[in-house]
Amino acid sequence: MTTSWTLLRVLRDRDAGLYLAAVVVSGFGDSALFLASGVWVKDLTGSDGLAALCMLAMWAPTLAGPALGTIADRVRRKPLLVGLNAGLAALLPTLCTVDSAGGLWLLFTVLLVYGAAEVVHDAAESALVTAAIGAERRGDFNGLRMAVTEGMKLVAPLTGAGLYTACGGPAVACLDAGTFAVAAGLYALLRVREERPVRSGGSWREETVAGVRHLWGHPGLRPLVRAGGATMLLTALCSTTLYAVVDRLGHSPAYTGVLYAVQGAGSVTAGLVSGAALRRLGALRFAAAGIALTALAVAARAVPWDAVALASSAAGGLGLPCVLVAAFTAVQRETPGPLLGRATATASTLVFTPNVIGLGVGAGLVGLAPPAVLLPVYGLALLGTAASLAQRAESASRTAARSPSDANPA
């Protein structure tokens, strides 16, 4: 009841509602294009390797996250968000000219720019949230954002695939352009008062390093971000076993869609309860609990039984978002406004880059050992990550509980 009431308060907030609406429409377009671009390249070239490069092009700019995030600290965030969305809305229709393998250079260039713009966009959006959403509701807002993002992943890829089949890649690009145009309008409606950022006088490199130094030097943020990166690495390793798991269950590869849908439903649920759980448990315990649940889900996936596979997918979907919501909410809470864009982008790089590494390494490991061997190992590593974070939470609680006389005995 308390959770429902708090979520309603967030949804009734005008700026929060506009934010979430923008996330819904742009996230829908993102997910649709993410799937369609690979299929598009596959159809034009017949190459699996070139199709996989679409994912790489969109993810690669994350490696430059700290530097790109500095942009979000040098200008006002609301006009930046409007401009980024309007710019992508204008850029994507150029893909309508791609009708042969010779035009793929344009597709990959647009995807690279798209990925870079998304890094800056996420940094600016997270920074602007602190001005638009009260501190007491940010956990609920970030949870809702996670819920609607995951919800879009349940329907947008199917829509994109259907549109691509019926009308081709240019139609999907135009759909995505339309969602960015709508998002630009929604961000323009935000009632947020921002002061023009004061330049530090340092170079771009010095400003970037300042954001990295703040994040990694903060005793509360460093363990959360480190745990987030470790969790994404291990779950990426786990994800590479999915087709082998489905094969052991005796199903066709299409059954992966069922498991993804169940996992997505779990993530939506996690997003809805994250705010209340953060308030009750605190960031470290909440993240540790989510990682522990993910560990059990990963290990259970080694059991070749449909009911267990479905339950583990739901549990994994419920557990994985916890560390992400905890980490990025903590970054918003513990970072000064002028540094928030850089700190958020740095956190994104440290948390999500291991995902790409895990996919590459896991693809090699899955050919060397069966899921029954790999998945329990990944689960144990996740459990160790959760235990380390929980131990840090207990240590922090004991330190906070000590009285001044205990800390400074006479």
# chains A, B, ... in the order shown; residues from 1 in each chain; ligands from 1
>>> closest_atom_pairs(of="stretch 139-246 of chain A", to="stretch 365-377 of chain A", cutoff="12 Å", atoms="only C-alpha atoms", output="Markdown table")
| residue | atom | partner | partner_atom | distance |
| --- | --- | --- | --- | --- |
| A:Leu234 | CA | A:Leu375 | CA | 9.7 |
| A:Thr235 | CA | A:Leu375 | CA | 9.8 |
| A:Ala236 | CA | A:Leu375 | CA | 11.4 |
| A:Leu237 | CA | A:Leu365 | CA | 8.5 |
| A:Cys238 | CA | A:Leu375 | CA | 6.4 |
| A:Ser239 | CA | A:Leu375 | CA | 9.7 |
| A:Thr240 | CA | A:Val366 | CA | 6.8 |
| A:Thr241 | CA | A:Val366 | CA | 6.1 |
| A:Leu242 | CA | A:Pro371 | CA | 8.6 |
| A:Tyr243 | CA | A:Pro371 | CA | 9.8 |
| A:Ala244 | CA | A:Pro371 | CA | 6.9 |
| A:Val245 | CA | A:Pro371 | CA | 6.6 |
| A:Val246 | CA | A:Pro371 | CA | 10.3 |
>>> residues_around(residues="A:Gly160", least_positions_apart="3", cutoff="10 Å", atoms="only C-alpha atoms", output="list of chain:residue names")
A:Phe28, A:Gly29, A:Asp30, A:Ser31, A:Ala32, A:Leu33, A:Phe34, A:Leu35, A:Ala36, A:Ser37, A:Val155, A:Ala156, A:Pro157, A:Leu163, A:Tyr164, A:Thr165, A:Ala166, A:Gly168, A:Gly169, A:Ala171, A:Val172, A:Ala173, A:Leu175, A:Asp176
>>> atom_distance(atom1="atom CA of A:Leu56", atom2="atom CA of A:Leu233")
16.1 Å
>>> residues_around(residues="A:Ala386", least_positions_apart="2", cutoff="8 Å", atoms="only C-alpha atoms", output="PDB file with C-alpha atoms, in the first residue's frame")
ATOM      1  CA  ALA A 227      29.588  -4.536  -7.758  1.00  0.00           C
ATOM      2  CA  ALA A 287      22.033  -4.151  -4.153  1.00  0.00           C
ATOM      3  CA  ALA A 288      23.458  -7.144  -2.256  1.00  0.00           C
ATOM      4  CA  ALA A 289      20.014  -8.764  -1.994  1.00  0.00           C
ATOM      5  CA  ILE A 291      22.816  -9.784  -6.641  1.00  0.00           C
ATOM      6  CA  ALA A 292      22.235 -12.748  -4.308  1.00  0.00           C
ATOM      7  CA  LEU A 382      27.832 -13.580  -8.058  1.00  0.00           C
ATOM      8  CA  LEU A 383      27.168 -14.851  -4.547  1.00  0.00           C
ATOM      9  CA  GLY A 384      30.665 -13.783  -3.554  1.00  0.00           C
ATOM     10  CA  SER A 388      31.232  -8.681  -0.129  1.00  0.00           C
ATOM     11  CA  LEU A 389      28.677  -5.903  -0.562  1.00  0.00           C
ATOM     12  CA  ALA A 390      26.581  -7.138   2.366  1.00  0.00           C
TER      13      ALA A 390
END
>>> closest_atom_pairs(of="stretch 101-213 of chain A", to="stretch 257-265 of chain A", cutoff="9 Å", atoms="only C-alpha atoms", output="Markdown table")
| residue | atom | partner | partner_atom | distance |
| --- | --- | --- | --- | --- |
| A:Ala147 | CA | A:Ala265 | CA | 8.9 |
| A:Glu150 | CA | A:Gly264 | CA | 5.8 |
| A:Gly151 | CA | A:Gly264 | CA | 6.8 |
| A:Lys153 | CA | A:Gly264 | CA | 7.3 |
| A:Leu154 | CA | A:Ala261 | CA | 6.1 |
>>> write_last_selection(atoms="all heavy atoms", output="CSV table (one decimal), in the first residue's frame")
chain,number,residue,atom,x,y,z
A,147,ALA,N,11.3,0.2,-14.9
A,147,ALA,CA,10.2,-0.6,-15.2
A,147,ALA,C,9.7,-0.3,-16.6
A,147,ALA,O,9.4,-1.2,-17.4
A,147,ALA,CB,9.0,-0.4,-14.2
A,150,GLU,N,12.2,-1.6,-19.3
A,150,GLU,CA,12.1,-3.1,-19.5
A,150,GLU,C,10.7,-3.4,-20.1
A,150,GLU,O,10.7,-4.4,-20.9
A,150,GLU,CB,12.2,-3.8,-18.1
A,150,GLU,CG,13.6,-3.7,-17.5
A,150,GLU,CD,14.7,-4.3,-18.4
A,150,GLU,OE1,14.4,-5.3,-19.0
A,150,GLU,OE2,15.7,-3.7,-18.5
A,151,GLY,N,9.7,-2.7,-19.8
A,151,GLY,CA,8.4,-2.9,-20.4
A,151,GLY,C,8.4,-2.7,-21.9
A,151,GLY,O,7.8,-3.5,-22.7
A,153,LYS,N,11.0,-3.2,-23.8
A,153,LYS,CA,11.7,-4.3,-24.4
A,153,LYS,C,10.9,-5.5,-24.6
A,153,LYS,O,11.2,-6.4,-25.4
A,153,LYS,CB,12.9,-4.7,-23.5
A,153,LYS,CG,14.0,-3.6,-23.4
A,153,LYS,CD,15.1,-4.1,-22.5
A,153,LYS,CE,16.2,-3.0,-22.4
A,153,LYS,NZ,17.3,-3.4,-21.4
A,154,LEU,N,9.7,-5.6,-24.0
A,154,LEU,CA,8.8,-6.7,-24.2
A,154,LEU,C,8.0,-6.6,-25.5
A,154,LEU,O,7.6,-7.6,-26.1
A,154,LEU,CB,7.8,-6.9,-23.0
A,154,LEU,CG,8.4,-7.2,-21.7
A,154,LEU,CD1,7.4,-7.2,-20.6
A,154,LEU,CD2,9.2,-8.5,-21.7
>>> closest_residue(among="A:Tyr378, A:Leu278, A:Arg137, A:Ser26", to="A:Gly362", atoms="only C-alpha atoms")
A:Tyr378
>>> closest_residue(among="A:Leu44, A:Ala123, A:Cys96, A:Val303", to="A:Gly65", atoms="only C-alpha atoms")
A:Ala123
>>> closest_residue(among="A:Asn355, A:Ser348, A:Thr70, A:Thr399", to="A:Ser203", atoms="only C-alpha atoms")
A:Thr70
>>> atom_distance(atom1="atom CA of A:Leu144", atom2="atom CA of A:Ala21")
11.0 Å
>>> closest_residue(among="A:Glu207, A:Pro223, A:Leu318, A:Gly217", to="A:Gly266", atoms="only C-alpha atoms")
A:Leu318
>>> closest_residue(among="A:Val356, A:Ala302, A:Leu215, A:Ala132", to="A:Met58", atoms="only C-alpha atoms")
A:Val356
>>> residues_around(residues="A:Ala57", least_positions_apart="2", cutoff="8 Å", atoms="only C-alpha atoms", output="number ranges by chain")
A: 53-55, 59-61, 108, 111-112, 115
>>> write_last_selection(atoms="N, CA, C and O atoms", output="short mmCIF file (atom, residue, chain, number, x, y, z; two decimals), in the first residue's frame")
data_model
loop_
_atom_site.label_atom_id
_atom_site.label_comp_id
_atom_site.auth_asym_id
_atom_site.auth_seq_id
_atom_site.Cartn_x
_atom_site.Cartn_y
_atom_site.Cartn_z
N LEU A 53 28.30 -6.23 -35.77
CA LEU A 53 28.96 -4.93 -35.64
C LEU A 53 27.97 -3.82 -35.32
O LEU A 53 28.36 -2.77 -34.80
N CYS A 54 26.70 -4.02 -35.63
CA CYS A 54 25.68 -3.02 -35.27
C CYS A 54 25.64 -2.83 -33.76
O CYS A 54 25.60 -1.70 -33.26
N MET A 55 25.64 -3.93 -33.03
CA MET A 55 25.65 -3.85 -31.57
C MET A 55 26.92 -3.18 -31.08
O MET A 55 26.88 -2.34 -30.18
N TRP A 59 27.39 0.29 -28.82
CA TRP A 59 27.97 0.17 -27.49
C TRP A 59 29.33 0.84 -27.36
O TRP A 59 29.72 1.26 -26.27
N ALA A 60 30.08 0.93 -28.45
CA ALA A 60 31.45 1.41 -28.38
C ALA A 60 31.60 2.78 -27.71
O ALA A 60 32.53 2.99 -26.93
N PRO A 61 30.70 3.76 -27.96
CA PRO A 61 30.88 5.08 -27.33
C PRO A 61 30.82 5.04 -25.80
O PRO A 61 31.28 5.99 -25.15
N PHE A 108 26.46 2.33 -40.22
CA PHE A 108 27.37 2.19 -39.08
C PHE A 108 27.76 3.54 -38.50
O PHE A 108 27.91 3.69 -37.28
N LEU A 111 24.81 4.73 -36.46
CA LEU A 111 24.71 3.97 -35.22
C LEU A 111 25.78 4.41 -34.22
O LEU A 111 25.52 4.45 -33.01
N LEU A 112 26.97 4.74 -34.70
CA LEU A 112 28.04 5.21 -33.81
C LEU A 112 27.68 6.56 -33.20
O LEU A 112 27.84 6.78 -32.00
N GLY A 115 24.97 6.00 -30.65
CA GLY A 115 25.47 5.51 -29.37
C GLY A 115 26.13 6.61 -28.55
O GLY A 115 25.93 6.69 -27.34
#
>>> atom_distance(atom1="atom CA of A:Asn142", atom2="atom CA of A:Gly271")
7.6 Å
>>> closest_residue(among="A:Leu104, A:Leu68, A:Asp73, A:Leu92", to="A:Glu118", atoms="only C-alpha atoms")
A:Leu68
>>> select_by_dssp(residues="stretch 123-361 of chain A", states="alpha helix (DSSP H)", output="PyMOL selection string")
chain A and resi 123-132+138-167+169-188+204-217+221-239+242-249+256-281+283-300+306-334+340-361
>>> decode(residues="stretch 307-366 of chain A", atoms="C-alpha atoms", output="compact mmCIF listing (two decimals), in the first residue's frame")
# COMPACT_ATOMS: atom_id res chain seq x y z
CA ALA A 307 9.64 -24.95 -14.49
CA VAL A 308 13.07 -24.18 -13.02
CA ALA A 309 14.16 -22.36 -16.20
CA LEU A 310 11.09 -20.13 -16.10
CA ALA A 311 11.45 -19.47 -12.37
CA SER A 312 15.15 -18.65 -12.74
CA SER A 313 14.38 -16.22 -15.58
CA ALA A 314 11.83 -14.43 -13.43
CA ALA A 315 14.20 -14.35 -10.44
CA GLY A 316 17.05 -13.05 -12.58
CA GLY A 317 14.84 -10.32 -13.99
CA LEU A 318 13.81 -9.37 -10.47
CA GLY A 319 17.32 -9.39 -9.01
CA LEU A 320 19.53 -7.80 -11.68
CA PRO A 321 17.95 -4.30 -11.74
CA CYS A 322 18.45 -3.87 -7.98
CA VAL A 323 22.17 -3.09 -8.15
CA LEU A 324 21.63 -0.77 -11.14
CA VAL A 325 18.89 1.26 -9.45
CA ALA A 326 20.87 1.36 -6.19
CA ALA A 327 24.11 2.46 -7.86
CA PHE A 328 22.72 5.20 -10.09
CA THR A 329 20.39 6.57 -7.41
CA ALA A 330 23.40 6.76 -5.07
CA VAL A 331 25.40 8.60 -7.75
CA GLN A 332 22.59 11.17 -8.03
CA ARG A 333 22.40 11.55 -4.26
CA GLU A 334 26.13 11.72 -3.46
CA THR A 335 27.44 13.77 -6.38
CA PRO A 336 27.47 17.60 -6.53
CA GLY A 337 25.39 18.98 -9.40
CA PRO A 338 28.31 20.41 -11.41
CA LEU A 339 29.97 16.96 -11.51
CA LEU A 340 26.88 14.83 -12.02
CA GLY A 341 27.03 14.41 -15.80
CA ARG A 342 30.63 13.19 -15.72
CA ALA A 343 30.07 10.98 -12.68
CA THR A 344 26.97 9.36 -14.20
CA ALA A 345 28.69 8.69 -17.52
CA THR A 346 31.74 7.27 -15.71
CA ALA A 347 29.48 4.99 -13.68
CA SER A 348 27.78 3.82 -16.89
CA THR A 349 31.15 3.00 -18.44
CA LEU A 350 32.31 1.04 -15.39
CA VAL A 351 29.00 -0.81 -15.01
CA PHE A 352 28.11 -1.59 -18.63
CA THR A 353 31.46 -2.07 -20.40
CA PRO A 354 32.00 -5.41 -18.59
CA ASN A 355 28.78 -6.55 -20.28
CA VAL A 356 30.48 -6.35 -23.69
CA ILE A 357 33.58 -8.13 -22.35
CA GLY A 358 31.43 -10.86 -20.82
CA LEU A 359 29.62 -11.50 -24.10
CA GLY A 360 32.92 -11.94 -25.92
CA VAL A 361 34.56 -14.16 -23.30
CA GLY A 362 31.41 -16.15 -22.66
CA ALA A 363 31.00 -16.95 -26.34
CA GLY A 364 34.37 -18.71 -26.18
CA LEU A 365 33.76 -20.48 -22.86
CA VAL A 366 30.39 -21.92 -23.87
